[in-house]
Every structure is written in C-alpha cells, then in structure tokens.
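Just structure_14.cif here, mmCIF, C-alpha atoms and all ligand atoms:
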```
data_work
loop_
_atom_site.label_atom_id
_atom_site.label_comp_id
_atom_site.auth_asym_id
_atom_site.auth_seq_id
_atom_site.Cartn_x
_atom_site.Cartn_y
_atom_site.Cartn_z
CA MET A 1 -20.69 -3.77 2.11
CA GLN A 2 -23.54 -1.80 3.66
CA LEU A 3 -25.96 0.96 2.79
CA GLN A 4 -26.43 3.10 5.87
CA LYS A 5 -28.21 6.27 6.90
CA PRO A 6 -25.94 9.02 8.32
CA ASP A 7 -27.03 8.04 11.85
CA GLY A 8 -25.76 4.47 11.28
CA THR A 9 -29.11 2.81 10.62
CA ILE A 10 -28.40 -0.09 8.27
CA ILE A 11 -30.54 -0.08 5.12
CA VAL A 12 -28.90 -3.02 3.33
CA ASN A 13 -26.17 -5.39 4.45
CA ASN A 14 -24.40 -7.05 1.53
CA ASP A 15 -22.28 -9.87 2.97
CA TRP A 16 -20.41 -11.58 0.13
CA GLY A 17 -18.99 -14.03 2.66
CA ILE A 18 -22.25 -16.02 2.60
CA ILE A 19 -21.53 -17.25 -0.94
CA LYS A 20 -18.00 -18.38 -0.18
CA ASP A 21 -18.99 -22.07 -0.37
CA LEU A 22 -20.88 -21.53 -3.61
CA SER A 23 -18.43 -19.39 -5.56
CA PRO A 24 -14.64 -19.17 -5.76
CA TYR A 25 -15.14 -15.41 -6.15
CA PRO A 26 -17.00 -14.26 -3.01
CA TYR A 27 -16.20 -10.60 -3.54
CA THR A 28 -17.14 -7.58 -5.55
CA LEU A 29 -14.93 -5.27 -7.56
CA MET A 30 -15.89 -2.08 -5.83
CA HIS A 31 -15.11 1.01 -7.84
CA LEU A 32 -12.20 -0.77 -9.39
CA VAL A 33 -9.55 0.63 -7.09
CA PHE A 34 -10.93 -0.99 -3.96
CA LEU A 35 -10.78 -4.70 -4.65
CA ASN A 36 -13.06 -6.02 -1.96
CA LEU A 37 -11.80 -9.49 -1.06
CA ALA A 38 -14.31 -10.28 1.69
CA ASP A 39 -12.25 -8.57 4.40
CA ASP A 40 -9.41 -6.93 2.53
CA ARG A 41 -9.31 -3.92 0.28
CA VAL A 42 -6.60 -3.17 -2.24
CA GLY A 43 -5.97 0.52 -2.88
CA GLN A 44 -4.92 1.80 -6.29
CA HIS A 45 -1.25 2.15 -5.35
CA THR A 46 -1.18 -1.48 -4.15
CA LEU A 47 -2.88 -2.67 -7.32
CA ALA A 48 -0.25 -0.79 -9.34
CA GLU A 49 2.54 -2.52 -7.39
CA ILE A 50 0.98 -5.94 -8.04
CA MET A 51 0.68 -5.22 -11.76
CA LEU A 52 4.23 -3.94 -11.90
CA LYS A 53 5.45 -7.17 -10.29
CA HIS A 54 3.56 -9.24 -12.85
CA CYS A 55 5.11 -7.23 -15.68
CA ASP A 56 8.49 -8.65 -14.55
CA ASN A 57 7.23 -12.10 -15.55
CA TYR A 58 7.11 -11.09 -19.20
CA PRO A 59 10.58 -10.80 -20.74
CA THR A 60 9.16 -8.70 -23.58
CA THR A 61 7.72 -6.15 -21.16
CA LYS A 62 9.68 -3.18 -19.88
CA VAL A 63 8.21 -0.44 -17.69
CA LEU A 64 9.83 2.94 -18.27
CA PHE A 65 9.23 5.73 -15.77
CA ASN A 66 9.99 9.42 -16.39
CA HIS A 67 9.22 9.22 -20.12
CA GLU A 68 6.72 11.82 -21.34
CA VAL A 69 5.05 10.92 -24.63
CA GLN A 70 4.66 14.04 -26.75
CA SER A 71 3.84 12.73 -30.20
CA VAL A 72 2.19 9.67 -31.75
CA THR A 73 2.45 8.88 -35.44
CA GLN A 74 1.42 5.80 -37.36
CA ASN A 75 1.44 4.23 -40.80
CA GLU A 76 -0.07 1.02 -42.16
CA ASP A 77 2.40 -1.21 -40.32
CA SER A 78 3.45 0.53 -37.14
CA VAL A 79 3.04 3.16 -34.45
CA THR A 80 5.80 5.45 -33.19
CA VAL A 81 5.67 7.30 -29.88
CA SER A 82 8.24 10.00 -29.20
CA GLY A 83 8.90 12.35 -26.36
CA VAL A 84 11.38 13.42 -23.76
CA GLN A 85 12.68 11.94 -20.52
CA THR A 86 12.81 14.00 -17.33
CA ASN A 87 16.59 14.24 -17.77
CA GLY A 88 15.99 15.99 -21.12
CA GLU A 89 16.97 13.00 -23.29
CA PRO A 90 14.61 12.43 -26.21
CA PHE A 91 13.22 8.95 -26.89
CA SER A 92 11.30 7.20 -29.64
CA TYR A 93 9.77 3.71 -29.80
CA THR A 94 8.10 1.93 -32.70
CA ALA A 95 5.74 -1.02 -32.31
CA SER A 96 2.99 -2.82 -34.22
CA TYR A 97 0.28 -1.32 -32.00
CA GLY A 98 -0.05 1.39 -29.34
CA VAL A 99 -2.36 1.81 -26.36
CA GLY A 100 -2.96 5.24 -24.87
CA ALA A 101 -3.70 4.74 -21.16
CA ASP A 102 -2.41 8.15 -20.16
CA GLY A 103 -5.38 9.44 -18.18
CA GLY A 104 -8.17 11.98 -18.68
CA LYS A 105 -5.91 14.64 -20.23
CA SER A 106 -4.46 12.01 -22.59
CA THR A 107 -1.79 13.28 -24.96
CA VAL A 108 -2.26 10.16 -27.08
CA ARG A 109 -5.97 10.94 -27.53
CA LYS A 110 -5.17 14.52 -28.53
CA GLN A 111 -2.53 13.26 -30.95
CA LEU A 112 -5.20 11.09 -32.55
CA GLY A 113 -7.33 14.23 -33.01
CA MET A 114 -9.99 12.82 -30.72
CA THR A 115 -12.07 14.78 -28.18
CA LEU A 116 -13.66 13.46 -24.98
CA ASP A 117 -17.28 14.32 -25.69
CA GLY A 118 -19.96 14.67 -23.02
CA PHE A 119 -20.38 16.90 -20.03
CA THR A 120 -19.06 17.68 -16.56
CA TRP A 121 -21.52 17.26 -13.70
CA ASP A 122 -22.59 20.34 -11.79
CA GLU A 123 -21.02 19.03 -8.58
CA SER A 124 -17.69 17.82 -7.29
CA TYR A 125 -16.46 15.17 -4.87
CA LEU A 126 -14.32 15.67 -1.82
CA ALA A 127 -12.15 12.63 -1.09
CA THR A 128 -10.44 12.37 2.30
CA ASN A 129 -8.06 9.72 3.62
CA ILE A 130 -8.41 9.48 7.39
CA PHE A 131 -6.60 7.48 10.05
CA TYR A 132 -9.29 6.50 12.54
CA PRO A 133 -10.89 3.12 13.31
CA PHE A 134 -14.21 3.81 11.58
CA GLU A 135 -15.32 0.26 12.42
CA THR A 136 -15.76 1.50 16.02
CA LEU A 137 -18.36 3.98 14.72
CA GLY A 138 -20.62 1.25 13.33
CA TYR A 139 -19.24 1.14 9.81
CA ALA A 140 -18.73 -2.05 7.80
CA GLU A 141 -15.58 -2.39 5.70
CA ALA A 142 -17.28 -0.56 2.83
CA ASN A 143 -20.32 1.70 3.19
CA PHE A 144 -22.55 3.85 1.09
CA VAL A 145 -24.02 6.49 3.39
CA VAL A 146 -27.32 7.73 2.02
CA GLY A 147 -28.30 11.18 3.27
CA GLY A 148 -30.28 13.88 1.50
CA GLY A 149 -28.86 16.06 -1.31
CA ARG A 150 -25.05 16.24 -1.09
CA ASP A 151 -25.04 14.58 2.33
CA TRP A 152 -24.03 11.23 0.91
CA ALA A 153 -20.68 9.53 1.48
CA ILE A 154 -18.65 6.50 0.67
CA VAL A 155 -16.79 5.32 3.74
CA CYS A 156 -14.43 2.40 3.33
CA ARG A 157 -11.12 1.05 4.47
CA THR A 158 -8.47 1.50 1.78
CA GLY A 159 -6.26 -1.46 2.66
CA ASP A 160 -5.17 -3.55 5.61
CA LYS A 161 -5.94 -2.68 9.24
CA GLN A 162 -3.15 -0.05 9.25
CA ALA A 163 -4.46 1.68 6.13
CA PRO A 164 -6.44 4.90 6.31
CA TRP A 165 -10.18 5.00 5.65
CA ARG A 166 -11.53 6.83 2.63
CA CYS A 167 -14.46 9.15 3.20
CA THR A 168 -15.72 10.76 0.01
CA TYR A 169 -18.74 13.06 0.04
CA GLY A 170 -20.61 15.37 -2.33
CA GLU A 171 -19.64 19.02 -2.83
CA VAL A 172 -20.75 21.85 -5.08
CA SER A 173 -19.10 22.47 -8.46
CA SER A 174 -15.98 24.61 -8.73
CA LYS A 175 -18.18 27.31 -10.33
CA GLU A 176 -20.09 27.60 -7.04
CA ALA A 177 -17.22 27.45 -4.52
CA SER A 178 -13.44 27.65 -4.76
CA ASP A 179 -11.14 24.88 -3.54
CA GLU A 180 -10.21 27.08 -0.55
CA GLU A 181 -13.87 27.36 0.46
CA VAL A 182 -14.64 23.64 0.23
CA TYR A 183 -11.39 22.67 1.98
CA ALA A 184 -12.19 25.12 4.80
CA ARG A 185 -15.48 23.37 5.55
CA VAL A 186 -14.08 19.83 5.59
CA PRO A 187 -14.23 19.58 9.44
CA GLN A 188 -17.86 20.68 9.43
CA ARG A 189 -18.85 18.29 6.60
CA LEU A 190 -16.94 15.35 8.08
CA ALA A 191 -18.69 15.77 11.43
CA LYS A 192 -21.73 13.96 10.03
CA TYR A 193 -19.70 10.86 9.17
CA LEU A 194 -17.45 10.98 12.25
CA ARG A 195 -20.53 10.42 14.41
CA GLY A 196 -19.48 12.37 17.46
CA VAL A 197 -15.69 11.97 17.15
CA LYS A 198 -13.91 15.33 17.16
CA TYR A 199 -12.07 16.38 13.99
CA GLU A 200 -8.98 17.08 16.16
CA ASP A 201 -8.97 13.41 17.22
CA VAL A 202 -8.56 11.98 13.71
CA LYS A 203 -5.49 12.15 11.49
CA ILE A 204 -6.16 13.39 7.97
CA GLU A 205 -3.68 11.89 5.52
CA ALA A 206 -4.94 13.53 2.34
CA ILE A 207 -7.78 15.67 1.01
CA ALA A 208 -8.57 16.03 -2.69
CA ARG A 209 -11.45 17.59 -4.57
CA TYR A 210 -12.26 16.31 -8.01
CA ASN A 211 -14.71 17.10 -10.77
CA VAL A 212 -16.95 14.38 -12.11
CA HIS A 213 -17.51 13.87 -15.80
CA GLN A 214 -19.65 11.91 -18.19
CA ARG A 215 -17.41 11.85 -21.21
CA CYS A 216 -16.36 9.36 -23.85
CA ALA A 217 -14.17 9.33 -26.95
CA LYS A 218 -16.06 8.70 -30.22
CA SER A 219 -13.90 5.66 -30.88
CA PHE A 220 -11.48 3.67 -28.75
CA ARG A 221 -9.35 2.90 -31.78
CA VAL A 222 -7.79 4.90 -34.58
CA GLY A 223 -5.78 2.72 -36.92
CA ARG A 224 -3.20 0.91 -34.81
CA VAL A 225 -3.69 2.97 -31.66
CA PHE A 226 -6.18 2.12 -28.92
CA LEU A 227 -7.42 4.21 -25.99
CA ALA A 228 -8.00 2.68 -22.56
CA GLY A 229 -9.11 3.81 -19.09
CA ASP A 230 -9.65 7.50 -18.38
CA ALA A 231 -8.06 8.37 -21.73
CA ALA A 232 -11.08 6.73 -23.37
CA HIS A 233 -13.90 7.48 -20.95
CA LEU A 234 -14.64 9.32 -17.73
CA THR A 235 -17.72 8.50 -15.73
CA GLN A 236 -19.05 9.57 -12.40
CA PRO A 237 -18.50 6.56 -10.12
CA MET A 238 -21.63 6.66 -7.93
C1 LIG A 301 -9.23 12.26 -5.96
C2 LIG A 301 -9.66 11.09 -6.83
C3 LIG A 301 -10.30 9.99 -6.20
C4 LIG A 301 -10.72 8.91 -6.97
N1 LIG A 301 -11.31 7.88 -6.34
C5 LIG A 301 -11.71 6.81 -7.06
C6 LIG A 301 -12.32 5.69 -6.44
O1 LIG A 301 -12.53 5.65 -5.24
N2 LIG A 301 -12.67 4.65 -7.21
C7 LIG A 301 -12.44 4.64 -8.58
O2 LIG A 301 -12.73 3.65 -9.26
N3 LIG A 301 -11.85 5.68 -9.18
C8 LIG A 301 -11.50 6.75 -8.47
N4 LIG A 301 -10.93 7.81 -9.12
C9 LIG A 301 -10.72 7.70 -10.57
C10 LIG A 301 -9.52 6.79 -10.88
O3 LIG A 301 -8.40 7.29 -10.18
C11 LIG A 301 -9.28 6.77 -12.41
O4 LIG A 301 -10.45 6.33 -13.06
C12 LIG A 301 -8.12 5.83 -12.74
O5 LIG A 301 -6.94 6.22 -12.08
C13 LIG A 301 -7.85 5.85 -14.24
O6 LIG A 301 -6.74 5.04 -14.52
P1 LIG A 301 -5.92 5.27 -15.84
O7 LIG A 301 -4.79 4.28 -15.77
O8 LIG A 301 -6.81 5.24 -17.03
O9 LIG A 301 -5.36 6.74 -15.75
P2 LIG A 301 -4.43 7.40 -14.64
O10 LIG A 301 -4.55 6.73 -13.32
O11 LIG A 301 -4.67 8.87 -14.72
O12 LIG A 301 -2.96 7.06 -15.16
C14 LIG A 301 -2.43 7.69 -16.31
C15 LIG A 301 -0.92 7.57 -16.23
O13 LIG A 301 -0.37 8.08 -17.45
C16 LIG A 301 0.70 8.94 -17.14
N5 LIG A 301 0.78 9.96 -18.23
C17 LIG A 301 -0.05 10.98 -18.47
N6 LIG A 301 0.35 11.66 -19.56
C18 LIG A 301 1.46 11.04 -20.00
C19 LIG A 301 2.35 11.26 -21.10
N7 LIG A 301 2.17 12.27 -21.96
N8 LIG A 301 3.40 10.42 -21.26
C20 LIG A 301 3.60 9.38 -20.41
N9 LIG A 301 2.82 9.11 -19.34
C21 LIG A 301 1.75 9.94 -19.16
C22 LIG A 301 0.35 9.57 -15.81
O14 LIG A 301 1.54 10.01 -15.16
C23 LIG A 301 -0.30 8.38 -15.08
O15 LIG A 301 0.68 7.59 -14.47
C24 LIG A 301 -10.50 8.89 -8.38
C25 LIG A 301 -9.86 9.98 -9.00
C26 LIG A 301 -9.45 11.08 -8.24
C27 LIG A 301 -8.77 12.23 -8.94
#
```

For the structure just supplied, provide its representation as structure tokens.
Ligand SMILES: Cc1cc2nc3c(=O)[nH]c(=O)nc-3n(C[C@H](O)[C@H](O)[C@H](O)COP(=O)(O)OP(=O)(O)OC[C@H]3O[C@@H](n4cnc5c(N)ncnc54)[C@H](O)[C@@H]3O)c2cc1C
Amino acid sequence: MQLQKPDGTIIVNNDWGIIKDLSPYPYTLMHLVFLNLADDRVGQHTLAEIMLKHCDNYPTTKVLFNHEVQSVTQNEDSVTVSGVQTNGEPFSYTASYGVGADGGKSTVRKQLGMTLDGFTWDESYLATNIFYPFETLGYAEANFVVGGGRDWAIVCRTGDKQAPWRCTYGEVSSKEASDEEVYARVPQRLAKYLRGVKYEDVKIEAIARYNVHQRCAKSFRVGRVFLAGDAAHLTQPM
C-alpha cells in the first residue's frame, strides 16, 4: 500500500511483505471489503461468495434469498421475523435471538424503534470501477492519493489481475450538485488519476456516487435482537 501525490511521487510505501517471516498475517484489512493479502485483493462480492460457501458447512444454517423482512416482534423467550417473498408468499420465522444486518436503511432497526443518530458529511464520494492496468501508471496494488481539497483518491485493484481497479475520489454534497452534474464531470476528474491516459482508452465498468455519514444507533441490542454492520453504524471510511 502506498501514499502518493497525484503526480505519482511516493510519500509512504507500506510493504506488508517484509513481515512475512515474522507474522503469519502479513496483510492489512483495508476498508473491510478489500482484503489485502500481500498481492491479492478480495472484493465484497467475492467475500460474500466465500461466506456463503462456509454457511454450507453448518447444517443448522440456511440462506434464504428473496425474503423481505417487514416486521420484528419479540417476547421474553423469542424473536419472530415476518415478511413476504418476492413471489408474494408470506413467511415467518421464530428463533431465540435475531440479528439485523440489513444495511443502512435497516427495517429491523426501525422495527426496534431505533434511529441512526449523527450527521451526514457535507461531501460525497464518487466510486468508479475501471478496466485499465493502473500498475503501468506507477500505482501500487492499493494507493491513497493525497491531493488538495477534494483532489484525493483511493486507487486499488479490486481482485485478481483480470479485475477492474477502483478509483474513488471526493465530490461535493448532493445539495451542491446533482448526480447528473457530478457524473458528467467524471472524465475531467479522472484525468488527474489516469496520468495522461485518455478517458476513451479505459473501460468504465461502474460509477456510483454515495453520501458519507457519521451515524450510530444508541444501542446495538434491544432485548433479543442485535444490530450489526451498516444497520448499527455508518462511518466515513477515509
Ligand atoms: C458505492 C459504495 C462504495 C463503497 N465502497 C466501500 C469500500 O471501498 N470499502 C468499504 O469498507 N465499504 C465501502 N462501502 C460501504 C460498504 O458497502 C458497507 O459498509 C457494507 O456493505 C455494509 O455491509 P452490511 O452487510 O452491514 O449491509 P449491506 O451490504 O447493505 O447488506 C444488507 C443486506 O440486507 C438486505 N436487506 C435490506 N433490507 C432487507 C429486508 N427488509 N429484508 C431482508 N433483507 C434486507 C439487502 O438486500 C442487503 O443484501 C461502499 C458503499 C457504497 C454504496
């Protein structure tokens, strides 16, 4: 992992490989979704596949897709979640405990009467997935590019050598510019990180803008129900 200036000047080079003889864990968990194993990075979708595979090893575990939880009730002994499947069929499950890991807009959290207190930062992030060999532009596998103001970026490979690179940079808040406006200036903003490569010569796989929050539920547990992940807390990742 490196800290670089926009022109490629290296500020810090963090090579976890040098501790490989000293530690069985010569890597860093970088922003959770990019598991930096010296030379490999595991994107969120890959991590989800790995976890899904491990769930198969537990006979008491069943993963159900297409089930939308709409209500959560509990008493002294149990928790019941109910909702509807995408085919319209209702469902209901009762267990000793429940965990709401249903993201920032968590239905489970709302059902518990809990709010996600805090604030939303006055800026947004623009995440792009790009097919281009960024390593040829002087980038390490994972890079924090430190420019002035919103001219910062995270540039890193999202998986194996075939995987796209992620370039995320700072943008203004949605109060200051609409999605259309910030998407229209992506080529211009990316120019700084593409270091001379033309926008037409890279393949953009995905572009997404997202708001950044500093929010947390008052408690991660109400009775027999727990909150986890974004349902419990949202933080700006930089
Ligand atoms: C564009 C973008 C880029 C990001 N980049 C990074 C990054 O580089 N690094 C990083 O660490 N984080 C990043 N994040 C944040 C990261 O994605 C989240 O922190 C993480 O996904 C939270 O995981 P989670 O399991 O708590 O929630 P989620 O990933 O939101 O998963 C919640 C799941 O619950 C399901 N669900 C929701 N409601 C219900 C319901 N009522 N019933 C049943 N199921 C339901 C959803 O379908 C979803 O599958 C990014 C986020 C965005 C939007």

Adding 6 Å on each side of the box along x, y and z that holds all listed atoms of stretch 53-57 of chain A, could you give its centre and edge lengths in Å to one decimal, as lines of an AutoDock Vina configuration file?
```
center_x = 6.0
center_y = -9.6
center_z = -13.0
size_x = 16.9
size_y = 16.9
size_z = 17.4
```

Determine, counting all atoms listed in the file, which protein, DNA and RNA residues have an atom within 9 Å of an atom of A:Asn13; residues of the same chain fewer than 6 positions away are not included. Present the result as number ranges by chain. A: 1-4, 140

Restricting the output to C-alpha atoms, write the selected residues as a compact mmCIF listing (two decimals), in the frame of the given file.
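result.txt written:
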```txt
# COMPACT_ATOMS: atom_id res chain seq x y z
CA MET A 1 -20.69 -3.77 2.11
CA GLN A 2 -23.54 -1.80 3.66
CA LEU A 3 -25.96 0.96 2.79
CA GLN A 4 -26.43 3.10 5.87
CA ALA A 140 -18.73 -2.05 7.80
```

So which residues are near ligand LIG 301 (chain A), meaning at most 7 Å away with only C-alpha atoms and all ligand atoms counted, given back as a PyMOL selection string? chain A and resi 31-34+67-70+101-107+127+208-210+228-231+234+237

Please save C-alpha atoms of the selected residues as a compact mmCIF listing (two decimals), keeping the file's coordinate frame.
```txt
# COMPACT_ATOMS: atom_id res chain seq x y z
CA HIS A 31 -15.11 1.01 -7.84
CA LEU A 32 -12.20 -0.77 -9.39
CA VAL A 33 -9.55 0.63 -7.09
CA PHE A 34 -10.93 -0.99 -3.96
CA HIS A 67 9.22 9.22 -20.12
CA GLU A 68 6.72 11.82 -21.34
CA VAL A 69 5.05 10.92 -24.63
CA GLN A 70 4.66 14.04 -26.75
CA ALA A 101 -3.70 4.74 -21.16
CA ASP A 102 -2.41 8.15 -20.16
CA GLY A 103 -5.38 9.44 -18.18
CA GLY A 104 -8.17 11.98 -18.68
CA LYS A 105 -5.91 14.64 -20.23
CA SER A 106 -4.46 12.01 -22.59
CA THR A 107 -1.79 13.28 -24.96
CA ALA A 127 -12.15 12.63 -1.09
CA ALA A 208 -8.57 16.03 -2.69
CA ARG A 209 -11.45 17.59 -4.57
CA TYR A 210 -12.26 16.31 -8.01
CA ALA A 228 -8.00 2.68 -22.56
CA GLY A 229 -9.11 3.81 -19.09
CA ASP A 230 -9.65 7.50 -18.38
CA ALA A 231 -8.06 8.37 -21.73
CA LEU A 234 -14.64 9.32 -17.73
CA PRO A 237 -18.50 6.56 -10.12
```

Could you please determine the separation between atom CA of A:His213 and atom CA of A:Met114 in Å, to one decimal place?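 For atom CA of A:His213 relative to atom CA of A:Met114, the distance reads 16.7 Å.
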
Closest of A:Gln111, A:Tyr58, A:Asp151, A:Asp7 to A:Ser82 - atom-to-atom distances counting only C-alpha atoms: A:Gln111

Distance atom CA of A:Gly83-atom CA of A:Val99, one decimal place?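 So the answer is 15.4 Å.
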
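With only C-alpha atoms as the basis for measurement, A:Asp117 is the residue among A:Asp179, A:Glu205, A:Asp117, A:Glu76 that approaches A:Ser219 most closely.
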
What is the atom CA of A:Cys156-atom CA of A:Tyr27 distance in Å, reported with one decimal?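 About the pair atom CA of A:Cys156 and atom CA of A:Tyr27: they are 14.8 Å apart.
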
Residue with smallest distance to A:Gly159 - pool A:Ser23, A:Asn129, A:Thr235, A:Asn66, counting only C-alpha atoms: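 Under the stated criterion, the closest residue is A:Asn129.
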
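Residues in contact with A:Trp152 at up to 9 Å, not including ones fewer than 5 positions away on its chain and judged by only C-alpha atoms, are A:Lys5, A:Pro6, A:Phe144, A:Val145, A:Val146, A:Gly147, A:Thr168, A:Tyr169, A:Gly170.
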
Go through A:Gly148, A:Pro59, A:Gly196, A:Gly223 one by one, measure the shortest atom-to-atom distance of each to A:Ser96 using all atoms listed in the file, and give the residue with the smallest value.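 Smallest distance to A:Ser96 is found for A:Gly223.
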
Once you count only C-alpha atoms, which residues end up no further than 6 Å from (-15.0, 8.9, -21.5) in the file's frame, shown as a count of residues only? 7

Using only C-alpha atoms for the distances, tell me which of A:Glu200, A:Thr86, A:Arg195, A:Gly100 is nearest to A:Glu135.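 Among A:Glu200, A:Thr86, A:Arg195, A:Gly100, it is A:Arg195 that comes nearest to A:Glu135.
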
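Among the candidates A:Gly138, A:Gly113, A:Gly118, A:Gly17, the one nearest to A:Leu194 when counting only C-alpha atoms is A:Gly138.
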
Scan for residues within 9 Å of the point (-20.0, -12.7, -3.2) in the coordinates of the file, using all atoms listed in the file, and reply as a ChimeraX atom specification. /A:14-20,22-28,38

So that I can check the surroundings of stretch 61-64 of chain A, please list as JSON, numbers by chain every protein, DNA and RNA residue that reaches within 12 Å of it, counting only C-alpha atoms and ignoring chain neighbours fewer than 6 positions away. {"A": [48, 49, 51, 52, 53, 54, 55, 84, 85, 86, 91, 93]}

Take the residues from that selection and put them in a file with C-alpha atoms, as a short mmCIF file (atom, residue, chain, number, x, y, z; two decimals), keeping the file's coordinate frame.
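Heads up, here's the output in selection07.cif:
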```cif
data_model
loop_
_atom_site.label_atom_id
_atom_site.label_comp_id
_atom_site.auth_asym_id
_atom_site.auth_seq_id
_atom_site.Cartn_x
_atom_site.Cartn_y
_atom_site.Cartn_z
CA ALA A 48 -0.25 -0.79 -9.34
CA GLU A 49 2.54 -2.52 -7.39
CA MET A 51 0.68 -5.22 -11.76
CA LEU A 52 4.23 -3.94 -11.90
CA LYS A 53 5.45 -7.17 -10.29
CA HIS A 54 3.56 -9.24 -12.85
CA CYS A 55 5.11 -7.23 -15.68
CA VAL A 84 11.38 13.42 -23.76
CA GLN A 85 12.68 11.94 -20.52
CA THR A 86 12.81 14.00 -17.33
CA PHE A 91 13.22 8.95 -26.89
CA TYR A 93 9.77 3.71 -29.80
#
```
